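Trainee: If you scroll down you'll find the structure; I have some questions about it.
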Amino acid sequence: MNHPNSFTAYFGYVDLRRQYGSALHVGVWFIICLVAIDLALNILFAYPKDPRTPPSRLQAYFEYGRSTEGQLRRMTRPEKAQTAPITLSGWYNPLQVKEVTPKKPESPIVTIYGASHSVNLAIALERVSDRFTPRSVGGPGATSNWAYGAYLRDQGGGKSHAVVLTFQSSTLAMTPSLSPMTWNFASPMPYTSDRFLLEGNQLQVIHPPYTSFDDYVATSGDPQKWAAARDFFSQYDPLYNPWIFRETILDHSSLYRLAHRAYAQHTSRSIQHAVLDQSGFRADSESIRVARAIIHDFAVRARHAGSIPVIFLINDLGYSNYLFQALSPILHADNIPYLSSDAIVSPNDPRGYMPDSHFKPEIDDKLARELERIIEKGDSHSRR
């Protein structure tokens with residue numbers, strides 16, 4: 001005859017099996033449902049196969065979070081007529097120079113280096129000025145190190161009467177980068193930049209492994225060359241993050257991409273907050289120290305070439321004038337002319353900004369008139 005405790009233990013064991021079996025059953029169905037949702041999202045909101053076709057908002061939303069390599073692979077085609085237009089922009093070789101026909105013969109040329117804000121300033125200068133002929137050298141989302149690298153490759157602005165170098169609040173932290181591939185996680189672009197760094201008080205430069213679309217295609221299409229390029233970015237670009245950059249099989253999961261996107265956004269905010277954000281700036285950060293050195297070096301080179309150097313400071317909406325505060329010591333110490341947007345539009349007033357963060361056209365016009373005044377003032381000083 002069995003002991004009563006044996007019956008209790010047996011039926012307790014059976015009850016535990018039922019409980020755990022039920023939990024396992026629920027867990028299995030939960031996983032099946034997640035896989036089904038994942039597959040459905042990939043099918044319903046499949047990203048366009050043609051990289052020239054703009055995605056819908058939902059397609060773009062569920063694409064966000066794909067690895068940088070995965071996004072670049074989707075965008076890039078070896079033939080320029082078939083690749084995504086954004087993959088053709090921002091290259092040093094050749095520089096994308098926008099020139100206009102002078103309103104007056106022999107009117108002095110003003111060359112502006114930077115991102116879309118800089119191009120807009122050049123367009124506005126053409127609208128408001130009869131004296132100067134604007135010329136812009138731009139790249140989408142270009143950082144100040146890209147702009148300075150472009151200036152150096154442009155043979156110091158050619159025969160420009162004045163040269164304008166742009167700095168921007170929202171991208172100042174990215175000054176040590178070699179490419180927006182390593183920091184623009186939501187919309188990576190493959191073009192590359194010079195990386196500047198300080199050795200003692202001397203500004204040194206590290207050139208990227210490739211500087212043209214054709215070289216990029218040749219490199220990315222060769223596994224060994226691409227692995228070497230990744231190693232180069234890992235060694236010399238402090239913003240390179242292999243978990244965000246590298247393509248994996250998880251790229252095929254829409255749910256994973258959402259989680260990956262959240263991590264990338266957190267990483268981006270951390271990079272930004274370590275240099276300059278809505279609460280202030282860190283003067284001892286590498287980005288600010290290098291930016292000041294670039295300004296000094298730019299002014300020396302421009303003056304030696306006979307051009308008037310001007311620094312254009314874009315104080316983005318919500319950043320107060322911390323960019324100006326961070327860079328003003330070198331501007332004042334070297335007596336470098338500057339155009340700071342906060343003197344025209346408050347960076348805390350959204351009425352002066354477009355929804356895409358650019359200045360409204362009337363603000364660009366005011367900035368252009370102020371740039372004209374600054375250059376004319378530089379002329380009067382040079383004649384003394």
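Residue names in the structure tokens use chain letters A, B, ... in the order shown, residue numbers from 1 in each chain, and ligand numbers from 1 in the order shown.
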Please build the interface table for range 330-354 of chain A against range 144-164 of chain A with a cut-off of 12 Å, listing for each qualifying residue the nearest atom pair and the distance in Å to one decimal; count only C-alpha atoms, order rows by chain and increasing number, and write it as a Markdown table.
Mentor:
| residue | atom | partner | partner_atom | distance |
| --- | --- | --- | --- | --- |
| A:Ile336 | CA | A:Val164 | CA | 11.0 |
| A:Pro337 | CA | A:Val164 | CA | 9.6 |
| A:Tyr338 | CA | A:Val164 | CA | 8.8 |
| A:Leu339 | CA | A:Val164 | CA | 9.2 |
| A:Ser340 | CA | A:Val164 | CA | 12.0 |
Trainee: Residues at most 9 Å from Val275 in chain A, counting only C-alpha atoms, excluding those fewer than 3 positions away in the same chain, as a list in words?
Mentor: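 Using only C-alpha atoms, the neighbours found are Leu172, Ala173, Ile271, Gln272, Gly280, Phe281, Arg282, Ala283, Asp284, Ser285, Glu286, Ser287 and Ile288 of chain A.
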Trainee: Check the smallest atom-to-atom distance from each of A:Thr68, A:Ser116, A:Ser193, A:Asn201 to Thr166 in chain A using only C-alpha atoms, then report the winner.
Mentor: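 Closest candidate: A:Ser116.
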Trainee: For range 85-91 of chain A, work out the shell of residues within 7 Å, counting only C-alpha atoms and skipping chain neighbours fewer than 4 positions away, then give it as a PyMOL selection string.
Mentor: chain A and resi 52+76+95+138-140+189-192+211-213
Trainee: So, with only C-alpha atoms as the atoms that count, which of A:Arg230, A:Arg131, A:Arg246, A:His117 lies closest to Ser341 in chain A?
Mentor: A:His117
Trainee: A:Ile344, A:Ile295, A:Ala302, A:Leu197: which is nearest Phe167 in chain A, counting only C-alpha atoms?
Mentor: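 Looking at the shortest contact to Phe167 in chain A, the residue is A:Ile295.
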Trainee: Taking the chain letters and numbering used in this document, name the residues of range 77-316 of chain A that DSSP puts in alpha helix (DSSP H), as JSON, numbers by chain.
Mentor: {"A": [116, 117, 118, 119, 120, 121, 122, 123, 124, 125, 126, 127, 128, 144, 145, 146, 147, 148, 149, 150, 151, 152, 153, 213, 214, 215, 216, 217, 218, 219, 220, 223, 224, 225, 226, 227, 228, 229, 230, 231, 232, 233, 234, 235, 236, 242, 243, 244, 245, 254, 255, 256, 257, 258, 259, 260, 261, 262, 263, 264, 265, 266, 267, 268, 269, 270, 271, 272, 273, 286, 287, 288, 289, 290, 291, 292, 293, 294, 295, 296, 297, 298, 299, 300, 301, 302, 303, 304]}
Trainee: Using only C-alpha atoms for the distances, tell me which of A:Tyr319, A:Tyr236, A:Tyr113, A:Phe359 is nearest to Ser279 in chain A.
Mentor: A:Tyr319
Trainee: Residues near Ile244 in chain A, anyone? I mean within 8 Å using only C-alpha atoms, not counting same-chain ones fewer than 6 positions away, as a list in words.
Mentor: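 Near Ile244 in chain A, the qualifying residues are Ser67, Thr68, Phe185, His260 and Ala264 of chain A.
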Trainee: Interatomic distance between CA of Pro51 in chain A and CA of Ala84 in chain A?
Mentor: 4.8 Å
